[in-house]
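Participant: Pasting final.cif here (mmCIF, C-alpha atoms and all ligand atoms):
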```cif
data_work
#
loop_
_atom_site.label_atom_id
_atom_site.label_comp_id
_atom_site.auth_asym_id
_atom_site.auth_seq_id
_atom_site.Cartn_x
_atom_site.Cartn_y
_atom_site.Cartn_z
CA GLU A 1 142.35 133.89 114.20
CA HIS A 2 141.14 136.97 116.04
CA ALA A 3 138.59 137.08 118.83
CA LEU A 4 135.01 137.87 117.85
CA VAL A 5 134.65 139.88 121.05
CA ARG A 6 137.44 141.32 123.14
CA LEU A 7 136.87 143.01 126.48
CA GLU A 8 139.88 145.07 127.49
CA GLY A 9 140.25 146.38 131.01
CA ILE A 10 136.50 146.81 131.48
CA ARG A 11 135.33 148.60 134.61
CA ARG A 12 131.82 149.46 135.71
CA HIS A 13 131.88 151.58 138.85
CA PHE A 14 128.91 153.40 140.37
CA PRO A 15 129.21 156.17 142.95
CA VAL A 16 127.20 155.70 146.16
CA TYR A 17 125.76 158.85 147.76
CA ARG A 18 124.39 159.73 151.15
CA GLY A 19 121.96 162.53 152.06
CA ASN A 20 119.16 164.01 149.97
CA VAL A 21 120.10 167.68 149.99
CA LEU A 22 123.81 167.76 150.59
CA ARG A 23 124.69 164.65 148.71
CA ARG A 24 128.06 163.34 149.55
CA GLN A 25 129.77 160.39 147.89
CA THR A 26 130.37 157.72 150.51
CA GLY A 27 131.71 154.96 148.35
CA THR A 28 132.01 153.28 144.98
CA VAL A 29 130.39 150.07 143.86
CA LYS A 30 132.95 148.20 141.81
CA ALA A 31 130.51 145.92 139.97
CA VAL A 32 133.09 145.05 137.32
CA ASP A 33 136.66 145.95 138.09
CA GLY A 34 139.11 145.61 135.23
CA ILE A 35 138.34 142.44 133.32
CA SER A 36 139.80 141.39 129.98
CA ILE A 37 138.42 138.41 128.09
CA ASN A 38 138.41 137.07 124.53
CA ILE A 39 135.43 135.26 123.02
CA MET A 40 136.59 133.28 119.99
CA PRO A 41 134.44 132.53 116.91
CA GLY A 42 132.46 129.32 117.35
CA GLU A 43 133.44 128.94 121.01
CA THR A 44 131.81 129.29 124.42
CA TYR A 45 133.29 131.51 127.09
CA SER A 46 131.67 130.92 130.47
CA LEU A 47 131.59 133.19 133.48
CA VAL A 48 131.09 131.57 136.87
CA GLY A 49 130.98 132.91 140.39
CA GLU A 50 128.56 133.66 143.22
CA SER A 51 125.70 136.07 142.57
CA GLY A 52 126.79 139.69 142.68
CA CYS A 53 130.27 138.93 141.29
CA GLY A 54 129.67 141.00 138.13
CA LYS A 55 128.73 138.33 135.57
CA THR A 56 125.42 139.91 134.59
CA THR A 57 126.82 143.46 134.55
CA THR A 58 129.50 142.20 132.17
CA SER A 59 126.93 140.65 129.85
CA ARG A 60 124.78 143.81 129.96
CA MET A 61 127.75 145.85 128.77
CA LEU A 62 128.29 143.41 125.92
CA LEU A 63 124.60 143.73 125.00
CA MET A 64 124.96 147.55 125.05
CA ALA A 65 122.39 147.75 127.86
CA ASP A 66 125.02 149.34 130.05
CA GLN A 67 128.25 151.26 129.41
CA PRO A 68 131.68 150.56 130.85
CA THR A 69 133.08 153.42 132.91
CA GLU A 70 136.53 152.42 131.68
CA GLY A 71 138.01 150.09 129.09
CA ASP A 72 136.96 149.05 125.62
CA ILE A 73 134.86 146.32 124.09
CA TYR A 74 135.87 145.29 120.57
CA PHE A 75 133.56 143.45 118.20
CA ASP A 76 135.29 142.03 115.12
CA ASN A 77 138.29 144.19 116.05
CA ARG A 78 136.25 147.44 116.07
CA PRO A 79 135.85 149.34 119.36
CA MET A 80 132.14 149.50 120.17
CA LYS A 81 132.37 153.05 121.48
CA HIS A 82 133.31 154.26 117.99
CA PHE A 83 130.56 152.41 116.13
CA SER A 84 128.79 154.28 113.34
CA GLY A 85 124.99 154.06 113.16
CA ALA A 86 125.23 151.25 110.58
CA GLU A 87 127.78 149.33 112.66
CA ARG A 88 125.55 149.66 115.68
CA ARG A 89 122.56 148.22 113.82
CA ASN A 90 124.69 145.40 112.47
CA PHE A 91 125.98 144.72 115.98
CA LYS A 92 122.45 144.62 117.43
CA ALA A 93 121.53 141.94 114.88
CA SER A 94 124.77 140.02 115.46
CA VAL A 95 124.48 139.76 119.23
CA GLN A 96 121.36 138.21 120.77
CA ALA A 97 120.46 136.87 124.21
CA VAL A 98 118.57 134.00 125.81
CA PHE A 99 117.62 134.51 129.45
CA GLN A 100 116.89 132.23 132.37
CA ASP A 101 113.16 132.44 132.56
CA PRO A 102 111.30 131.72 129.32
CA TRP A 103 108.06 132.73 131.11
CA SER A 104 109.05 136.34 131.49
CA SER A 105 111.15 136.70 128.32
CA LEU A 106 108.30 135.80 125.92
CA ASN A 107 105.41 138.23 125.58
CA PRO A 108 102.30 136.20 126.58
CA ARG A 109 100.03 138.20 124.27
CA MET A 110 102.04 137.48 121.14
CA ARG A 111 101.79 134.35 119.02
CA VAL A 112 104.93 132.28 118.58
CA ASP A 113 105.36 133.35 114.94
CA GLN A 114 105.15 137.01 115.98
CA ILE A 115 107.64 136.47 118.79
CA ILE A 116 110.14 134.84 116.47
CA ALA A 117 109.58 137.29 113.61
CA GLU A 118 109.87 140.45 115.73
CA PRO A 119 113.69 140.82 115.60
CA LEU A 120 113.66 139.77 111.92
CA ILE A 121 111.27 142.57 111.02
CA THR A 122 113.28 145.09 113.06
CA HIS A 123 116.53 144.25 111.33
CA GLN A 124 115.59 143.28 107.77
CA ARG A 125 113.11 144.34 105.13
CA LEU A 126 111.34 141.14 104.17
CA SER A 127 108.05 140.25 102.52
CA ARG A 128 105.37 138.56 104.59
CA SER A 129 105.88 135.24 102.86
CA ALA A 130 109.66 135.40 103.38
CA VAL A 131 109.11 136.07 107.10
CA ARG A 132 106.67 133.16 107.32
CA ALA A 133 109.14 130.82 105.58
CA GLN A 134 111.93 131.86 107.93
CA VAL A 135 109.77 131.36 111.02
CA GLN A 136 108.85 127.85 109.85
CA GLU A 137 112.50 127.04 109.24
CA LEU A 138 113.57 128.40 112.64
CA LEU A 139 110.92 126.34 114.42
CA GLN A 140 112.26 123.21 112.76
CA VAL A 141 115.86 124.13 113.56
CA VAL A 142 115.04 124.26 117.29
CA GLY A 143 113.04 121.03 117.17
CA LEU A 144 109.47 122.39 117.14
CA HIS A 145 106.74 121.59 114.63
CA PRO A 146 105.69 124.37 112.19
CA PHE A 147 102.09 124.08 113.41
CA HIS A 148 103.25 125.57 116.72
CA ALA A 149 103.62 128.94 114.97
CA GLU A 150 100.09 130.11 115.71
CA ARG A 151 100.01 129.21 119.37
CA TYR A 152 100.74 131.32 122.45
CA PRO A 153 103.61 130.87 124.95
CA HIS A 154 101.36 129.54 127.75
CA GLU A 155 100.51 126.52 125.60
CA PHE A 156 104.08 125.24 125.86
CA SER A 157 106.23 123.54 128.49
CA GLY A 158 109.28 125.32 129.94
CA GLY A 159 111.66 123.46 127.61
CA GLN A 160 109.57 124.28 124.54
CA ARG A 161 109.39 127.93 125.58
CA GLN A 162 113.16 128.02 125.83
CA ARG A 163 113.32 126.55 122.29
CA ILE A 164 111.09 129.43 121.13
CA ALA A 165 113.42 131.94 122.83
CA ILE A 166 116.37 130.31 121.05
CA ALA A 167 114.55 130.46 117.67
CA ARG A 168 113.89 134.16 118.26
CA ALA A 169 117.56 134.76 119.11
CA LEU A 170 118.64 132.91 115.93
CA SER A 171 116.30 134.84 113.65
CA THR A 172 118.78 137.65 112.90
CA ARG A 173 121.58 135.13 112.14
CA PRO A 174 123.70 136.28 115.09
CA LYS A 175 127.38 135.60 115.60
CA LEU A 176 127.17 135.67 119.38
CA ILE A 177 124.43 134.72 121.82
CA VAL A 178 124.58 135.66 125.50
CA LEU A 179 123.14 132.71 127.44
CA ASP A 180 122.22 133.95 130.91
CA GLU A 181 121.43 130.86 133.03
CA PRO A 182 119.65 129.28 130.02
CA VAL A 183 118.61 126.04 131.73
CA SER A 184 118.49 126.77 135.44
CA ALA A 185 114.72 127.43 135.44
CA LEU A 186 114.03 124.13 133.62
CA ASP A 187 113.33 120.65 134.94
CA VAL A 188 116.52 118.69 135.40
CA SER A 189 115.21 116.06 132.94
CA ILE A 190 115.10 118.49 130.02
CA ARG A 191 118.19 120.56 130.73
CA ALA A 192 120.43 118.20 128.75
CA GLN A 193 118.14 118.43 125.70
CA ILE A 194 118.41 122.21 125.62
CA LEU A 195 122.17 122.14 126.20
CA ASN A 196 122.57 119.61 123.38
CA LEU A 197 120.47 121.77 121.09
CA LEU A 198 122.67 124.79 121.91
CA LYS A 199 125.79 122.74 121.16
CA GLU A 200 124.40 121.51 117.84
CA LEU A 201 123.44 125.04 116.83
CA GLN A 202 126.89 126.26 117.79
CA SER A 203 128.61 123.85 115.43
CA THR A 204 126.08 124.27 112.59
CA TYR A 205 126.16 128.08 112.61
CA GLU A 206 129.66 128.71 114.08
CA LEU A 207 128.05 130.59 116.96
CA SER A 208 129.95 132.06 119.87
CA TYR A 209 128.34 131.97 123.30
CA LEU A 210 128.92 133.97 126.44
CA LEU A 211 127.48 131.61 129.01
CA ILE A 212 126.57 132.75 132.51
CA ALA A 213 125.82 129.83 134.77
CA HIS A 214 126.28 128.81 138.35
CA ASN A 215 125.93 125.08 137.68
CA LEU A 216 129.48 123.86 137.19
CA ALA A 217 128.40 120.66 135.38
CA THR A 218 126.70 122.84 132.73
CA VAL A 219 129.80 125.00 132.45
CA ARG A 220 132.08 122.01 132.13
CA TYR A 221 129.92 120.49 129.38
CA MET A 222 129.47 123.64 127.32
CA SER A 223 132.67 125.71 127.57
CA HIS A 224 135.88 126.15 125.66
CA THR A 225 137.16 128.64 128.25
CA VAL A 226 135.93 129.37 131.77
CA GLY A 227 136.50 132.62 133.68
CA VAL A 228 135.94 132.55 137.44
CA MET A 229 134.77 135.91 138.78
CA TYR A 230 135.01 137.21 142.32
CA LEU A 231 133.91 140.74 143.26
CA GLY A 232 134.17 142.14 139.76
CA LYS A 233 137.46 140.54 138.78
CA ILE A 234 138.50 137.40 136.89
CA VAL A 235 140.53 135.44 139.44
CA GLU A 236 141.18 132.37 137.30
CA GLU A 237 140.72 131.43 133.66
CA ALA A 238 141.37 128.12 131.91
CA PRO A 239 139.87 125.54 129.54
CA PRO A 240 137.32 123.47 131.49
CA ILE A 241 139.34 120.22 131.73
CA GLU A 242 142.30 122.11 133.14
CA LEU A 243 140.15 124.19 135.48
CA PHE A 244 138.21 121.28 136.93
CA THR A 245 141.24 119.03 137.44
CA ASN A 246 143.91 121.56 138.27
CA ALA A 247 142.30 124.67 139.76
CA GLN A 248 144.87 126.85 141.52
CA HIS A 249 143.06 129.83 142.97
CA PRO A 250 141.72 129.11 146.47
CA TYR A 251 138.34 130.59 145.48
CA THR A 252 137.99 128.34 142.42
CA ARG A 253 138.98 125.33 144.51
CA ALA A 254 136.33 126.24 147.08
CA LEU A 255 133.66 126.63 144.39
CA ILE A 256 134.54 123.25 142.89
CA SER A 257 134.60 121.43 146.24
CA ALA A 258 131.24 122.96 147.16
CA SER A 259 129.74 121.61 143.92
CA LEU A 260 130.94 118.02 144.37
CA PRO A 261 128.67 115.56 146.16
CA ALA A 262 129.91 114.60 149.62
CA HIS A 263 131.73 111.27 149.55
CA PRO A 264 132.77 109.81 152.91
CA ARG A 265 135.53 107.56 151.57
CA ARG A 266 137.10 109.99 149.17
CA GLN A 267 140.06 111.79 150.64
CA ARG A 268 140.12 115.13 149.00
CA GLU A 269 141.48 118.41 149.96
CA GLU A 270 138.48 120.55 150.57
CA ILE A 271 138.41 124.28 150.95
CA VAL A 272 135.35 125.55 152.70
CA LEU A 273 134.42 129.16 152.14
CA ALA A 274 134.25 131.12 155.36
CA GLY A 275 131.89 134.07 155.69
CA GLU A 276 129.81 135.91 153.14
CA VAL A 277 130.85 137.60 149.91
CA PRO A 278 131.91 141.11 150.99
CA SER A 279 129.96 144.04 149.58
CA PRO A 280 131.15 145.40 146.22
CA ILE A 281 130.85 148.87 147.82
CA ASN A 282 134.42 149.69 148.77
CA PRO A 283 135.60 146.05 148.45
CA PRO A 284 138.57 144.80 150.53
CA ALA A 285 141.99 146.12 149.55
CA GLY A 286 144.68 143.95 147.98
CA CYS A 287 143.30 140.56 146.98
CA THR A 288 139.54 141.02 147.46
CA PHE A 289 139.29 137.37 148.52
CA HIS A 290 141.69 137.81 151.47
CA PRO A 291 139.07 138.05 154.28
CA ARG A 292 137.80 134.57 153.31
CA CYS A 293 141.00 132.90 152.11
CA PRO A 294 142.50 130.06 154.18
CA PHE A 295 145.95 130.76 152.69
CA VAL A 296 146.02 134.49 153.34
CA MET A 297 149.51 136.00 153.74
CA GLU A 298 150.64 139.42 154.82
CA ARG A 299 150.96 140.89 151.36
CA CYS A 300 147.46 139.71 150.35
CA SER A 301 145.72 142.61 152.11
CA ALA A 302 148.00 145.19 150.49
CA ASP A 303 148.90 144.09 146.94
CA VAL A 304 146.40 143.28 144.22
CA PRO A 305 147.55 140.00 142.61
CA ALA A 306 147.91 140.19 138.81
CA LEU A 307 146.36 137.58 136.53
CA VAL A 308 149.42 135.60 135.37
CA GLU A 309 149.77 132.62 133.05
CA TYR A 310 150.34 129.63 135.28
CA THR A 311 150.54 127.05 132.47
CA PRO A 312 149.58 127.70 128.80
CA ARG A 313 146.02 129.14 128.65
CA HIS A 314 145.63 128.81 132.43
CA PHE A 315 145.71 132.15 134.25
CA THR A 316 145.39 132.77 137.94
CA ALA A 317 145.47 135.88 140.13
CA CYS A 318 146.90 134.82 143.48
CA HIS A 319 150.13 135.63 145.31
CA LEU A 320 150.69 131.92 145.92
CA TYR A 321 151.55 131.61 142.21
CA ALA A 322 153.09 134.98 141.64
CA ASP A 323 156.34 133.56 140.36
CA GLY A 324 155.22 131.78 137.18
CA GLY A 325 153.69 128.86 139.03
CA LYS A 326 156.27 128.54 141.80
CA ASN A 327 155.01 128.85 145.31
CA THR A 328 156.66 131.93 146.71
CA CYS A 329 155.59 131.74 150.31
FE1 LIG B 1 144.41 133.94 149.14
FE2 LIG B 1 146.38 135.69 149.05
FE3 LIG B 1 145.88 134.13 146.95
FE4 LIG B 1 144.20 136.10 147.61
S1 LIG B 1 146.32 136.32 146.92
S2 LIG B 1 143.67 134.04 147.05
S3 LIG B 1 144.31 136.03 149.86
S4 LIG B 1 146.60 133.48 148.95
#
```
Please re-express this file's structure in structure tokens.
Facilitator:
Amino acid sequence: EHALVRLEGIRRHFPVYRGNVLRRQTGTVKAVDGISINIMPGETYSLVGESGCGKTTTSRMLLMADQPTEGDIYFDNRPMKHFSGAERRNFKASVQAVFQDPWSSLNPRMRVDQIIAEPLITHQRLSRSAVRAQVQELLQVVGLHPFHAERYPHEFSGGQRQRIAIARALSTRPKLIVLDEPVSALDVSIRAQILNLLKELQSTYELSYLLIAHNLATVRYMSHTVGVMYLGKIVEEAPPIELFTNAQHPYTRALISASLPAHPRRQREEIVLAGEVPSPINPPAGCTFHPRCPFVMERCSADVPALVEYTPRHFTACHLYADGGKNTC
């Protein structure tokens, strides 16, 4: 089975200039710096990491809102940069997005049926009655009553608005939906309902998701594969059970320990992150995590660690595991 989406060696670098008249390049922002990931049909690939690590830039490139400066993105084995006009239109219908804040993503002046029908009308030629029938069906699929069709977004709760955003995303029968923090703006009490709805829809329609989330419990619940990003690179990738029980990279271990509730009687090895995330403008040489890493060694500031398979489907980029899982220091 081939990946629905394959990112190969994707980079997104921006030059930084100084001076208005005699502009001189003073650095490069390495927002995304050589990542390769596979999103399989019917599965969820999650990206986690602190803000500014490149998760959103990655998803923007996948949504064609931004272009990689290097590398290729393949959709159904076709490189996106060589898409014909028809392939591009098909791609735009096949890849949709649901964002964090259903307040700002739904146009307040449009009725719910217009909001849901908008992508349908853009991508397909349908009669009015066919559009109406599809809107009614989509409302039911996301757990809303058809009489909601003629209302406006402000008449709904946050959870209901997110259901409307999901119905809109589903309207073009996509293969992939980018979920950018889909529940973090919602009340804790309704987050699980929306996550369960997304899971149900995934299995009914064989949907793939690219999930961007900082809540590790959400990631653990939803994902088939998790990629941990730090300063534009994937530093560790594994299925969630493996990642949450057997994380290897010091950064992943720090993220996981920071997310666990403090427990005075539990003896656990805890890694506390020192300092701030360095700027992605001219990031540190070698392993970009080295200024904050408690295990830093001499070679860490000079050599970039490669992402190597530690155990099957578990990859990590750290010199501690450079020798196929054996500690080399
Ligand atoms: Fe730490 Fe070195 Fe591993 Fe980077 S390569 S995470 S600095 S031990």
Participant: Between A:Pro294, A:Gly34, A:Gly27, A:Gly159, which residue has the minimum interatomic distance to ligand LIG 1 (chain B), considering all atoms listed in the file?
Facilitator: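 The answer is A:Pro294, which sits nearest to ligand LIG 1 (chain B).
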Participant: Find the residue from A:Ile271, A:Cys318, A:Val228, A:Ile116 that sits nearest to Glu137 of chain A; use all atoms listed in the file when measuring.
Facilitator: A:Ile116
Participant: Could you please determine the separation between atom CA of Gly275 of chain A and atom CA of Cys293 of chain A in Å, to one decimal place?
Facilitator: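 Atom CA of Cys293 of chain A lies at a distance of 9.9 Å from atom CA of Gly275 of chain A.
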Participant: Give me, as a PyMOL selection string, the set of residues whose atoms come within 9 Å of any atom of ligand LIG 1 (chain B), counting only C-alpha atoms and all ligand atoms.
Facilitator: chain A and resi 235+249-251+286-301+303-305+317-322
Participant: Can you work out the spacing between atom CA of Phe156 of chain A and atom CA of Val178 of chain A in Å, to one decimal?
Facilitator: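 These two atoms are separated by 23.0 Å.
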Participant: For Asp187 of chain A, find every residue with an atom within 9 Å (counting all atoms listed in the file), except residues of its own chain fewer than 4 positions away, and show them as a list of chain:residue names.
Facilitator: A:Gly158, A:Gly159, A:Val183, A:Arg191
Participant: With distances taken over only C-alpha atoms, which of A:Val142, A:Ala238, A:Tyr17, A:Thr245 is nearest to Glu309 of chain A?
Facilitator: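 Checking each of A:Val142, A:Ala238, A:Tyr17, A:Thr245 against Glu309 of chain A, counting only C-alpha atoms, the winner is A:Ala238.
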Participant: Residues within 10 Å of Ile166 of chain A, please, as a VMD selection string. Count all atoms listed in the file; anything in the same chain fewer than 2 positions from it doesn't count.
Facilitator: chain A and resid 96 to 99 102 116 138 to 139 141 to 142 160 to 164 168 to 171 177 179 182 194 197 to 198 201
Participant: Kindly indicate which residue among A:Pro15, A:Pro239, A:Gly49, A:Pro146 lies nearest to Ser259 of chain A, using all atoms listed in the file for the distances.
Facilitator: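 Of A:Pro15, A:Pro239, A:Gly49, A:Pro146, the one nearest Ser259 of chain A is A:Gly49, counting all atoms listed in the file.
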Participant: Go ahead and find all residues with at least one atom no further than 8 Å from (136.2, 136.8, 136.4) in the file's coordinates, using only C-alpha atoms; report them as a VMD selection string.
Facilitator: chain A and resid 35 47 to 49 53 to 55 227 to 230 232 to 237
Participant: Centre and edge lengths, as lines of an AutoDock Vina configuration file, for the axis-aligned box enclosing every listed atom of segment 108-121 of chain A with 5 Å of padding on each of the six sides, in Å to one decimal?
Facilitator:
```
center_x = 106.9
center_y = 137.4
center_z = 118.8
size_x = 23.7
size_y = 20.3
size_z = 25.6
```
Participant: I need the residue nearest Val29 of chain A from this list: A:Ala185, A:Val16, A:Val277, A:Ala213. Use all atoms listed in the file for the distance.
Facilitator: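 Among the listed residues, A:Val16 lies closest to Val29 of chain A.
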Participant: Atom CA of Lys81 of chain A to atom CA of Ala93 of chain A: how many Å, to one decimal?
Facilitator: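 Value for the atom CA of Lys81 of chain A-atom CA of Ala93 of chain A distance: 16.9 Å.
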Participant: Place a sphere of radius 10 Å on (128.3, 126.2, 123.4) in the file coordinates and name every protein, DNA or RNA residue with an atom inside or on its surface, counting only C-alpha atoms; give the answer as a PyMOL selection string.
Facilitator: chain A and resi 42-46+177+179+195-203+206-211+219+221-224
Participant: Would you mind telling me which residue in A:Arg12, A:Met61, A:Asn77, A:Leu231 lies nearest to Asn38 of chain A when using only C-alpha atoms?
Facilitator: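 Closest to Asn38 of chain A of all the choices is A:Asn77.
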Participant: Set the distance at 7 Å and use all atoms listed in the file: which residues neighbour Thr172 of chain A once local chain neighbours fewer than 5 positions away are removed? I'd like the list as a PyMOL selection string.
Facilitator: chain A and resi 93-94+119-120
